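Below: coords.txt (compact mmCIF, C-alpha atoms)
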# COMPACT_ATOMS: atom_id res chain seq x y z
CA MET U 1 35.29 191.87 173.90
CA PRO U 2 35.68 188.15 173.30
CA ASP U 3 34.96 187.07 169.77
CA VAL U 4 32.63 184.08 169.70
CA ASN U 5 34.27 182.73 166.57
CA ARG U 6 37.75 182.63 167.99
CA GLN U 7 39.13 179.41 169.45
CA ARG U 8 39.54 179.57 173.22
CA ILE U 9 42.96 178.84 174.72
CA LEU U 10 44.04 177.98 178.24
CA LEU U 11 47.75 178.44 179.04
CA ALA U 12 49.61 176.39 181.64
CA ASP U 13 53.15 177.39 182.56
CA ASP U 14 54.79 178.25 185.86
CA HIS U 15 57.03 180.97 184.40
CA ALA U 16 55.24 184.31 184.51
CA ILE U 17 57.36 185.94 181.80
CA VAL U 18 56.92 183.03 179.41
CA VAL U 19 53.22 182.97 179.94
CA GLU U 20 52.83 186.72 179.44
CA ALA U 21 54.80 186.55 176.18
CA LEU U 22 52.62 183.64 175.11
CA ARG U 23 49.47 185.50 175.95
CA SER U 24 50.37 188.47 173.80
CA LEU U 25 51.48 186.24 170.94
CA LEU U 26 48.36 184.10 170.96
CA SER U 27 45.85 186.87 171.72
CA GLU U 28 46.20 188.12 168.16
CA ILE U 29 44.58 184.97 166.82
CA TYR U 30 42.93 183.22 169.73
CA ASP U 31 40.93 184.05 172.80
CA VAL U 32 43.17 183.41 175.83
CA VAL U 33 40.64 182.48 178.50
CA GLY U 34 42.95 181.61 181.36
CA ILE U 35 46.44 181.11 182.71
CA VAL U 36 47.44 178.53 185.32
CA PRO U 37 50.80 177.98 187.06
CA ASP U 38 50.73 174.23 187.78
CA GLY U 39 49.28 170.92 186.67
CA ARG U 40 46.64 170.65 189.37
CA ALA U 41 45.30 174.15 188.74
CA LEU U 42 45.24 173.20 185.06
CA LEU U 43 42.88 170.28 185.70
CA ALA U 44 40.56 172.43 187.81
CA GLU U 45 40.45 175.34 185.36
CA ALA U 46 40.15 173.13 182.28
CA ILE U 47 36.95 171.59 183.62
CA LYS U 48 35.55 175.03 184.48
CA LEU U 49 36.59 176.92 181.34
CA ARG U 50 36.32 174.12 178.78
CA PRO U 51 38.89 175.60 176.36
CA ASP U 52 39.27 174.38 172.77
CA ILE U 53 43.05 174.39 173.06
CA ILE U 54 45.43 173.97 175.97
CA VAL U 55 49.03 175.07 175.56
CA LEU U 56 50.93 173.47 178.40
CA ASP U 57 54.43 173.12 179.75
CA ILE U 58 55.67 169.71 180.94
CA GLY U 59 57.86 170.79 183.86
CA MET U 60 55.27 172.25 186.21
CA PRO U 61 54.88 172.08 189.99
CA LEU U 62 52.44 169.71 191.74
CA LEU U 63 51.63 167.73 188.61
CA ASN U 64 53.73 167.64 185.46
CA GLY U 65 52.19 168.44 182.09
CA LEU U 66 52.25 164.90 180.72
CA ASP U 67 50.46 163.38 183.67
CA ALA U 68 48.03 166.29 183.62
CA ALA U 69 47.44 165.57 179.92
CA ILE U 70 46.66 161.92 180.65
CA ARG U 71 43.95 163.13 183.05
CA LEU U 72 42.70 165.77 180.62
CA LYS U 73 42.12 163.10 177.99
CA GLU U 74 39.47 161.69 180.33
CA LEU U 75 38.19 164.91 181.86
CA LEU U 76 38.00 167.01 178.71
CA PRO U 77 38.65 164.86 175.64
CA SER U 78 37.56 167.62 173.25
CA ALA U 79 40.44 169.92 174.21
CA LYS U 80 43.41 169.90 171.84
CA LEU U 81 46.75 169.77 173.61
CA VAL U 82 49.95 171.50 172.55
CA PHE U 83 53.01 170.91 174.70
CA LEU U 84 55.45 173.79 174.84
CA THR U 85 58.46 172.64 176.81
CA MET U 86 62.19 172.79 177.47
CA LYS U 87 62.29 168.99 177.45
CA ASP U 88 63.89 167.78 174.24
CA ASP U 89 63.48 164.17 175.38
CA PRO U 90 62.28 161.93 172.53
CA ASN U 91 60.69 159.51 175.04
CA LEU U 92 58.46 162.29 176.36
CA ALA U 93 57.49 163.41 172.87
CA ALA U 94 56.57 159.82 171.96
CA ALA U 95 54.55 159.40 175.16
CA ALA U 96 52.71 162.64 174.39
CA LEU U 97 52.01 161.44 170.86
CA ASN U 98 50.48 158.25 172.24
CA LEU U 99 47.80 160.36 173.91
CA GLY U 100 46.25 161.15 170.54
CA THR U 101 46.37 164.27 168.41
CA ILE U 102 48.85 166.58 170.09
CA GLY U 103 51.45 169.22 169.36
CA TYR U 104 54.95 169.06 170.82
CA VAL U 105 57.10 172.15 170.42
CA LEU U 106 60.29 173.17 172.20
CA LYS U 107 60.61 176.51 173.94
CA HIS U 108 63.76 177.18 171.91
CA SER U 109 61.68 177.05 168.74
CA ALA U 110 60.43 180.07 166.83
CA ALA U 111 57.00 181.40 167.71
CA SER U 112 55.88 180.48 164.20
CA GLU U 113 56.41 176.80 165.04
CA LEU U 114 54.04 177.05 167.99
CA LEU U 115 51.42 178.73 165.82
CA LYS U 116 51.87 176.02 163.23
CA ALA U 117 51.49 173.27 165.85
CA ILE U 118 48.28 174.85 167.15
CA SER U 119 46.75 175.13 163.70
CA GLU U 120 47.76 171.54 162.88
CA VAL U 121 46.10 170.07 165.97
CA LEU U 122 43.00 172.15 165.26
CA ARG U 123 42.92 170.42 161.87
CA GLY U 124 43.14 167.08 163.66
CA LYS U 125 46.80 166.41 162.89
CA SER U 126 49.63 165.91 165.37
CA TYR U 127 52.70 168.08 165.13
CA VAL U 128 56.00 167.04 166.73
CA THR U 129 59.08 169.20 166.34
CA PRO U 130 61.28 167.51 163.68
CA LYS U 131 64.24 166.91 166.02
CA LEU U 132 62.16 164.61 168.24
CA LYS U 133 60.35 162.63 165.58
CA ALA U 134 60.97 158.89 165.56
CA GLU U 135 61.93 157.41 162.20
CA ASN U 136 59.61 154.42 162.50
CA TRP U 137 56.81 152.84 164.46
CA ALA U 138 59.00 150.56 166.57
CA VAL U 139 61.27 153.31 167.83
CA ARG U 140 58.35 155.62 168.59
CA GLU U 141 56.43 152.92 170.41
CA ALA U 142 59.54 151.84 172.33
CA ARG U 143 60.08 155.44 173.41
CA ALA U 144 56.47 155.86 174.46
CA GLN U 145 56.58 152.65 176.49
CA GLN U 146 59.60 153.94 178.33
CA PHE U 147 57.51 156.68 179.88
CA SER U 148 54.78 154.34 181.07
CA LYS U 149 56.63 151.13 181.85
CA SER U 150 58.78 152.01 184.81
CA LEU U 151 56.41 153.99 186.97
CA SER U 152 52.64 153.94 187.26
CA PRO U 153 50.77 157.27 187.03
CA ARG U 154 50.23 157.15 190.79
CA GLN U 155 53.93 156.48 191.45
CA ARG U 156 54.83 159.43 189.23
CA GLU U 157 52.45 161.72 191.12
CA VAL U 158 53.90 160.68 194.47
CA LEU U 159 57.48 160.86 193.24
CA GLN U 160 57.06 164.35 191.81
CA LEU U 161 55.56 165.73 195.01
CA LEU U 162 58.26 164.12 197.18
CA ALA U 163 61.02 165.29 194.85
CA GLU U 164 59.65 168.81 195.12
CA GLY U 165 60.67 168.59 198.75
CA ARG U 166 57.21 168.28 200.24
CA PRO U 167 56.84 166.39 203.53
CA MET U 168 54.92 163.10 203.39
CA LYS U 169 52.02 164.65 205.27
CA GLU U 170 51.59 167.35 202.63
CA VAL U 171 51.88 164.83 199.78
CA ALA U 172 49.26 162.68 201.48
CA ASP U 173 46.93 165.70 201.81
CA ILE U 174 47.35 166.73 198.16
CA LEU U 175 46.61 163.22 196.93
CA LYS U 176 43.94 162.63 199.59
CA VAL U 177 45.46 159.39 200.85
CA SER U 178 47.15 158.36 204.10
CA GLU U 179 50.78 159.02 204.91
CA LYS U 180 51.26 155.27 205.10
CA THR U 181 50.26 154.94 201.46
CA ILE U 182 52.78 157.59 200.47
CA MET U 183 55.46 155.79 202.46
CA PHE U 184 54.58 152.55 200.70
CA HIS U 185 54.90 154.15 197.27
CA LYS U 186 58.16 155.82 198.21
CA TYR U 187 59.85 152.65 199.41
CA HIS U 188 58.51 150.63 196.53
CA ILE U 189 60.02 153.10 194.05
CA MET U 190 63.33 153.22 195.92
CA GLU U 191 63.58 149.44 196.01
CA SER U 192 62.64 148.96 192.37
CA PHE U 193 65.24 151.39 191.14
CA ASN U 194 67.87 150.74 193.78
CA LEU U 195 67.73 154.29 195.13
CA LYS U 196 69.53 154.57 198.43
CA SER U 197 68.76 158.08 199.63
CA ASN U 198 66.40 161.00 199.20
CA ALA U 199 69.05 162.70 197.08
CA GLU U 200 69.01 159.77 194.67
CA LEU U 201 65.23 159.83 194.64
CA VAL U 202 65.28 163.49 193.61
CA LEU U 203 67.85 162.81 190.90
CA PHE U 204 65.73 159.92 189.64
CA ALA U 205 62.66 162.20 189.47
CA LEU U 206 64.74 164.73 187.58
CA LYS U 207 65.82 162.13 185.04
CA HIS U 208 62.24 161.02 184.56
CA GLY U 209 61.24 164.57 183.75
CA LEU U 210 59.06 164.84 186.85
CA ILE U 211 60.88 167.86 188.22
CA SER U 212 63.09 170.42 186.53
CA ALA U 213 66.65 171.34 187.35
CA MET Z 1 78.25 139.39 192.19
CA PHE Z 2 79.49 142.90 191.88
CA GLU Z 3 79.27 146.14 193.75
CA SER Z 4 75.71 147.27 193.96
CA PRO Z 5 75.29 150.10 191.50
CA SER Z 6 72.96 152.97 191.96
CA PHE Z 7 70.51 153.75 189.22
CA GLY Z 8 70.17 157.20 190.65
CA GLN Z 9 73.71 158.03 189.63
CA ASP Z 10 75.22 158.78 186.28
CA HIS Z 11 77.78 156.04 186.29
CA LEU Z 12 76.01 152.75 186.05
CA VAL Z 13 78.77 150.32 185.21
CA LEU Z 14 79.28 147.43 187.54
CA GLU Z 15 82.80 146.40 188.33
CA PRO Z 16 82.97 142.63 188.80
CA LYS Z 17 84.55 141.56 192.07
CA LEU Z 18 87.36 139.07 191.72
CA ASP Z 19 86.04 137.01 194.61
CA ALA Z 20 82.68 136.63 192.91
CA PRO Z 21 81.35 133.05 192.70
CA GLY Z 22 81.78 133.02 188.93
CA ALA Z 23 85.44 133.92 189.29
CA THR Z 24 86.32 130.94 191.43
CA LYS Z 25 84.95 128.39 189.02
CA MET Z 26 87.22 125.95 187.17
CA GLY Z 27 88.39 127.29 183.88
CA SER Z 28 88.79 130.83 185.20
CA ILE Z 29 86.60 133.80 184.47
CA SER Z 30 88.54 134.83 181.40
CA ASN Z 31 87.35 131.82 179.40
CA GLN Z 32 83.71 132.62 179.92
CA PRO Z 33 81.89 134.66 177.27
CA ARG Z 34 81.77 138.30 178.32
CA VAL Z 35 78.28 139.74 178.61
CA LEU Z 36 77.11 143.34 179.00
CA LEU Z 37 73.59 144.00 180.32
CA ALA Z 38 71.35 146.99 179.64
CA ASP Z 39 68.04 147.53 181.40
CA ASP Z 40 66.79 150.48 183.39
CA HIS Z 41 64.84 148.30 185.79
CA TRP Z 42 67.14 147.14 188.54
CA PRO Z 43 65.33 143.88 189.50
CA ILE Z 44 65.73 142.66 185.92
CA ILE Z 45 69.48 143.27 186.00
CA GLU Z 46 69.63 141.34 189.26
CA ARG Z 47 67.61 138.42 187.93
CA VAL Z 48 69.59 138.20 184.72
CA THR Z 49 72.83 138.33 186.69
CA VAL Z 50 71.77 135.50 188.98
CA LEU Z 51 70.72 133.47 185.95
CA LEU Z 52 73.92 134.02 183.97
CA GLU Z 53 76.75 134.47 186.42
CA SER Z 54 77.76 130.82 186.72
CA SER Z 55 78.26 130.42 182.96
CA PHE Z 56 79.16 133.89 181.77
CA GLU Z 57 81.26 136.80 182.85
CA ILE Z 58 79.02 139.81 183.42
CA VAL Z 59 81.34 142.66 182.52
CA GLY Z 60 78.90 145.46 183.21
CA ALA Z 61 75.34 146.65 183.47
CA VAL Z 62 73.95 149.97 182.30
CA GLY Z 63 70.58 151.61 182.75
CA ASN Z 64 70.11 153.48 179.48
CA GLY Z 65 70.84 153.30 175.77
CA THR Z 66 73.37 156.11 175.70
CA ASP Z 67 75.55 154.50 178.37
CA LEU Z 68 75.19 151.18 176.60
CA VAL Z 69 76.79 152.51 173.43
CA ALA Z 70 79.68 154.03 175.39
CA GLU Z 71 80.29 151.01 177.61
CA ALA Z 72 80.00 148.47 174.80
CA GLN Z 73 82.71 150.32 172.91
CA LYS Z 74 84.91 150.45 176.00
CA LEU Z 75 84.34 146.90 177.30
CA GLN Z 76 84.08 145.10 173.94
CA PRO Z 77 81.77 142.33 175.26
CA ASP Z 78 81.11 139.16 173.29
CA LEU Z 79 77.40 139.63 173.76
CA ILE Z 80 74.90 142.26 174.84
CA VAL Z 81 71.56 141.54 176.50
CA LEU Z 82 69.43 144.67 176.24
CA ASP Z 83 65.96 146.01 176.78
CA ILE Z 84 64.00 147.80 174.06
CA SER Z 85 62.51 150.71 176.00
CA MET Z 86 65.17 152.60 177.92
CA PRO Z 87 65.85 156.21 178.85
CA GLY Z 88 67.97 158.17 176.42
CA LEU Z 89 68.30 155.95 173.39
CA THR Z 90 65.98 153.02 172.89
CA GLY Z 91 67.67 149.61 172.63
CA ILE Z 92 66.81 149.57 168.92
CA GLU Z 93 68.68 152.82 168.33
CA ALA Z 94 71.59 151.76 170.54
CA ALA Z 95 71.94 148.49 168.60
CA ARG Z 96 71.99 150.44 165.36
CA GLN Z 97 74.64 152.87 166.60
CA LEU Z 98 76.82 149.98 167.77
CA ARG Z 99 76.46 148.16 164.48
CA GLU Z 100 77.32 151.31 162.55
CA ALA Z 101 80.36 151.82 164.80
CA GLY Z 102 81.58 148.34 163.83
CA SER Z 103 80.70 146.49 167.05
CA THR Z 104 80.97 142.71 166.70
CA ALA Z 105 79.11 141.94 169.92
CA LYS Z 106 76.17 139.57 169.47
CA VAL Z 107 72.90 141.22 170.41
CA ILE Z 108 69.97 139.70 172.30
CA PHE Z 109 66.89 141.72 173.17
CA LEU Z 110 65.18 140.90 176.46
CA THR Z 111 61.83 142.65 176.55
CA VAL Z 112 58.19 142.55 177.56
CA HIS Z 113 57.07 143.44 174.04
CA GLU Z 114 55.54 140.57 172.08
CA ARG Z 115 54.45 142.43 168.97
CA VAL Z 116 55.95 141.14 165.76
CA GLU Z 117 56.74 144.72 164.65
CA PHE Z 118 59.19 144.97 167.53
CA VAL Z 119 60.79 141.62 166.68
CA ASN Z 120 61.26 142.71 163.08
CA ALA Z 121 62.70 146.07 164.09
CA CYS Z 122 65.22 144.36 166.38
CA LEU Z 123 66.23 141.75 163.81
CA ALA Z 124 66.65 144.56 161.30
CA GLU Z 125 69.32 146.03 163.57
CA GLY Z 126 71.21 142.76 163.48
CA ALA Z 127 69.95 141.15 166.70
CA LEU Z 128 70.31 137.37 166.86
CA GLY Z 129 68.09 136.80 169.87
CA TYR Z 130 64.68 138.03 170.96
CA VAL Z 131 63.60 136.80 174.39
CA VAL Z 132 60.40 137.86 176.13
CA LYS Z 133 60.80 138.54 179.82
CA SER Z 134 58.09 136.05 180.83
CA ARG Z 135 60.27 133.28 179.34
CA MET Z 136 63.59 134.60 180.55
CA ALA Z 137 64.35 131.65 182.84
CA VAL Z 138 63.80 129.13 180.03
CA ASP Z 139 64.93 131.01 176.94
CA LEU Z 140 67.74 133.38 177.82
CA ILE Z 141 70.62 130.92 178.15
CA PRO Z 142 69.64 128.95 175.01
CA ALA Z 143 69.35 132.27 173.16
CA ILE Z 144 72.83 133.28 174.30
CA ARG Z 145 74.32 129.88 173.32
CA GLU Z 146 72.74 130.15 169.88
CA ALA Z 147 73.84 133.74 169.39
CA LEU Z 148 77.44 132.94 170.32
CA CYS Z 149 77.37 130.39 167.47
CA GLY Z 150 75.84 132.97 165.16
CA HIS Z 151 72.35 131.48 165.22
CA ARG Z 152 69.01 133.14 165.77
CA PHE Z 153 66.74 132.44 168.72
CA ILE Z 154 63.28 133.95 169.16
CA SER Z 155 61.03 133.15 172.12
CA PRO Z 156 58.12 130.86 171.15
CA PRO Z 157 55.25 133.29 171.88
CA VAL Z 158 56.52 135.70 169.25
CA SER Z 159 58.25 133.37 166.78
CA ARG Z 160 55.01 131.77 165.60
Take the structure I supplied and represent it as structure tokens, if you would.
Amino acid sequence: MPDVNRQRILLADDHAIVVEALRSLLSEIYDVVGIVPDGRALLAEAIKLRPDIIVLDIGMPLLNGLDAAIRLKELLPSAKLVFLTMKDDPNLAAAALNLGTIGYVLKHSAASELLKAISEVLRGKSYVTPKLKAENWAVREARAQQFSKSLSPRQREVLQLLAEGRPMKEVADILKVSEKTIMFHKYHIMESFNLKSNAELVLFALKHGLISA
Amino acid sequence: MFESPSFGQDHLVLEPKLDAPGATKMGSISNQPRVLLADDHWPIIERVTVLLESSFEIVGAVGNGTDLVAEAQKLQPDLIVLDISMPGLTGIEAARQLREAGSTAKVIFLTVHERVEFVNACLAEGALGYVVKSRMAVDLIPAIREALCGHRFISPPVSR
């Protein structure tokens, strides 16, 4: 029986075991209203379920957690976001922090840290795991810019889907654009970053945190 | 010019070719100040190289802050031109690590950021030059000349 006073949580992670462990951990305090396995399902379910809190991974198929979060800020600005990720990349943590009040916790961390991050964001305060905190404004802002400066959100979407090994036709269908547009994005990215082959493109996507090893 | 590097690979250092135009100039390549470049955006590295190669020896180019620290220690350049936002370490952190490791290379930031907070953060790490990318063609060489003499140079839009 859902308790009307409990905060409602949506979980987004593509690892079934992780997400089940999370569900049992969080169910003691919160109302877990849904579980989704990728970034695009997250957007769809978030609009439908309107959770108070979203605990999301960054490395997810179809659309990574950070780009999904950028969309969520427009689609459902009231939802508080807590990233729970393997990615101990300070640039990603800074980019997440630039989205507003967020939590950023590593999967290696203790469960208590996740609970702390959730309660902090519910109080309107960001929580970033100490290891990834920048010591001053300039370093944090420089890190955040790194995420946004090299690729546009659209380029990141295209790059992730291509790096996941999807044919151009499928990528075009997912993004509802023509194959020609996808080809344009692909060659523009390859030229800008001097990538000579599909293998290098995949490696580049990996380094930008768009796919996971 | 040098071998085209791949930013998709781990090793980003460019090995200068001995038949490069800069190498055939009078006064031989070894007398030119040695410059290391750091920027993760390949077209910038190319443009800076074209701009500098007749007057300076480009000893390498790296695409992130972590490689910059390693290569600067290995190559011991006279001067480093670096971006602020880079993968791995930011340029600000890389400059600090190099300074703390005793590097004597002069440091010039080449960046799109025009906010005074960034300028101050870079100068605090011992940078002598701060050039905004929109004024690269006009300001970069003067900034390098000044830095090699130990003088500061900050692009006009941000120095006011």
Within-9 Å shell of (39.6, 171.4, 171.5) in input frame, only C-alpha atoms, as a PyMOL selection string: chain U and resi 7-9+50-54+76-81+121-122
Exercise answer, chain Z residues close to chain U, 12 Å and all atoms listed in the file, as a PyMOL selection string: chain Z and resi 4-10+12+39-46+63-65+83-96+111-125
Cut-off 6 Å around (55.6, 175.7, 177.8) with all atoms listed in the file: residues as a PyMOL selection string: chain U and resi 13+56-57+84-85
Would you put the residues from that selection into a file with C-alpha atoms, as a PDB file, in the coordinates of the input?
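Listing of out10.pdb after writing:
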ATOM      1  CA  ASP U  13      53.150 177.390 182.560  1.00  0.00           C
ATOM      2  CA  LEU U  56      50.930 173.470 178.400  1.00  0.00           C
ATOM      3  CA  ASP U  57      54.430 173.120 179.750  1.00  0.00           C
ATOM      4  CA  LEU U  84      55.450 173.790 174.840  1.00  0.00           C
ATOM      5  CA  THR U  85      58.460 172.640 176.810  1.00  0.00           C
TER       6      THR U  85
END
Separation of atom CA of U:Ala41 from atom CA of U:Ile174, in Å and rounded to one decimal: 12.2 Å
Spatial neighbours of Z:Ala137, max dist 10 Å, only C-alpha atoms, sep filter under 6 positions, as a PyMOL selection string: chain Z and resi 47-48+51-52+131
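Straight-line separation from atom CA of U:Tyr187 to atom CA of U:Leu159: 10.5 Å.
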Shell of 9 Å around U:Asp67, only C-alpha atoms, local chain residues under 2 positions omitted, as a list of chain:residue names: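 Counting only C-alpha atoms, the residues come to U:Gly39, U:Ile58, U:Leu63, U:Asn64, U:Gly65, U:Ala69, U:Ile70, U:Arg71, U:Leu72, U:Pro153, U:Arg156, U:Glu157.
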Computed interatomic separation between atom CA of U:Gly124 and atom CA of U:Ala94 (Å):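 Result for atom CA of U:Gly124 versus atom CA of U:Ala94: 17.4 Å, one decimal.
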Contacts of U:Leu49 at 9 Å (only C-alpha atoms; same-chain gap of 4+ positions) as a ChimeraX atom specification: /U:10,33-34,44-45
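The list of residues with at least one atom within 9 Å of stretch 19-31 of chain U, based on only C-alpha atoms and without residues fewer than 3 positions apart in the same chain, reads Pro2, Asp3, Val4, Arg6, Gln7, Arg8, Ile9, Leu10, Leu11, Ala12, Asp13, Asp14, His15, Ala16, Ile35, Ala111 and Leu115 of chain U.
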Closest of Z:Val50, Z:Ala143, Z:Ile58, Z:Ile154 to Z:Leu37 - atom-to-atom distances counting only C-alpha atoms: Z:Ile58
Residues within 7 Å of stretch 155-157 of chain Z, all atoms listed in the file, excluding chain neighbours under 6 positions, as a PyMOL selection string: chain Z and resi 130-132+139
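Minimum distance to U:Pro130 across U:Ala163, U:Leu210, U:Leu43, U:Ala93 (counting all atoms listed in the file) occurs at U:Ala93.
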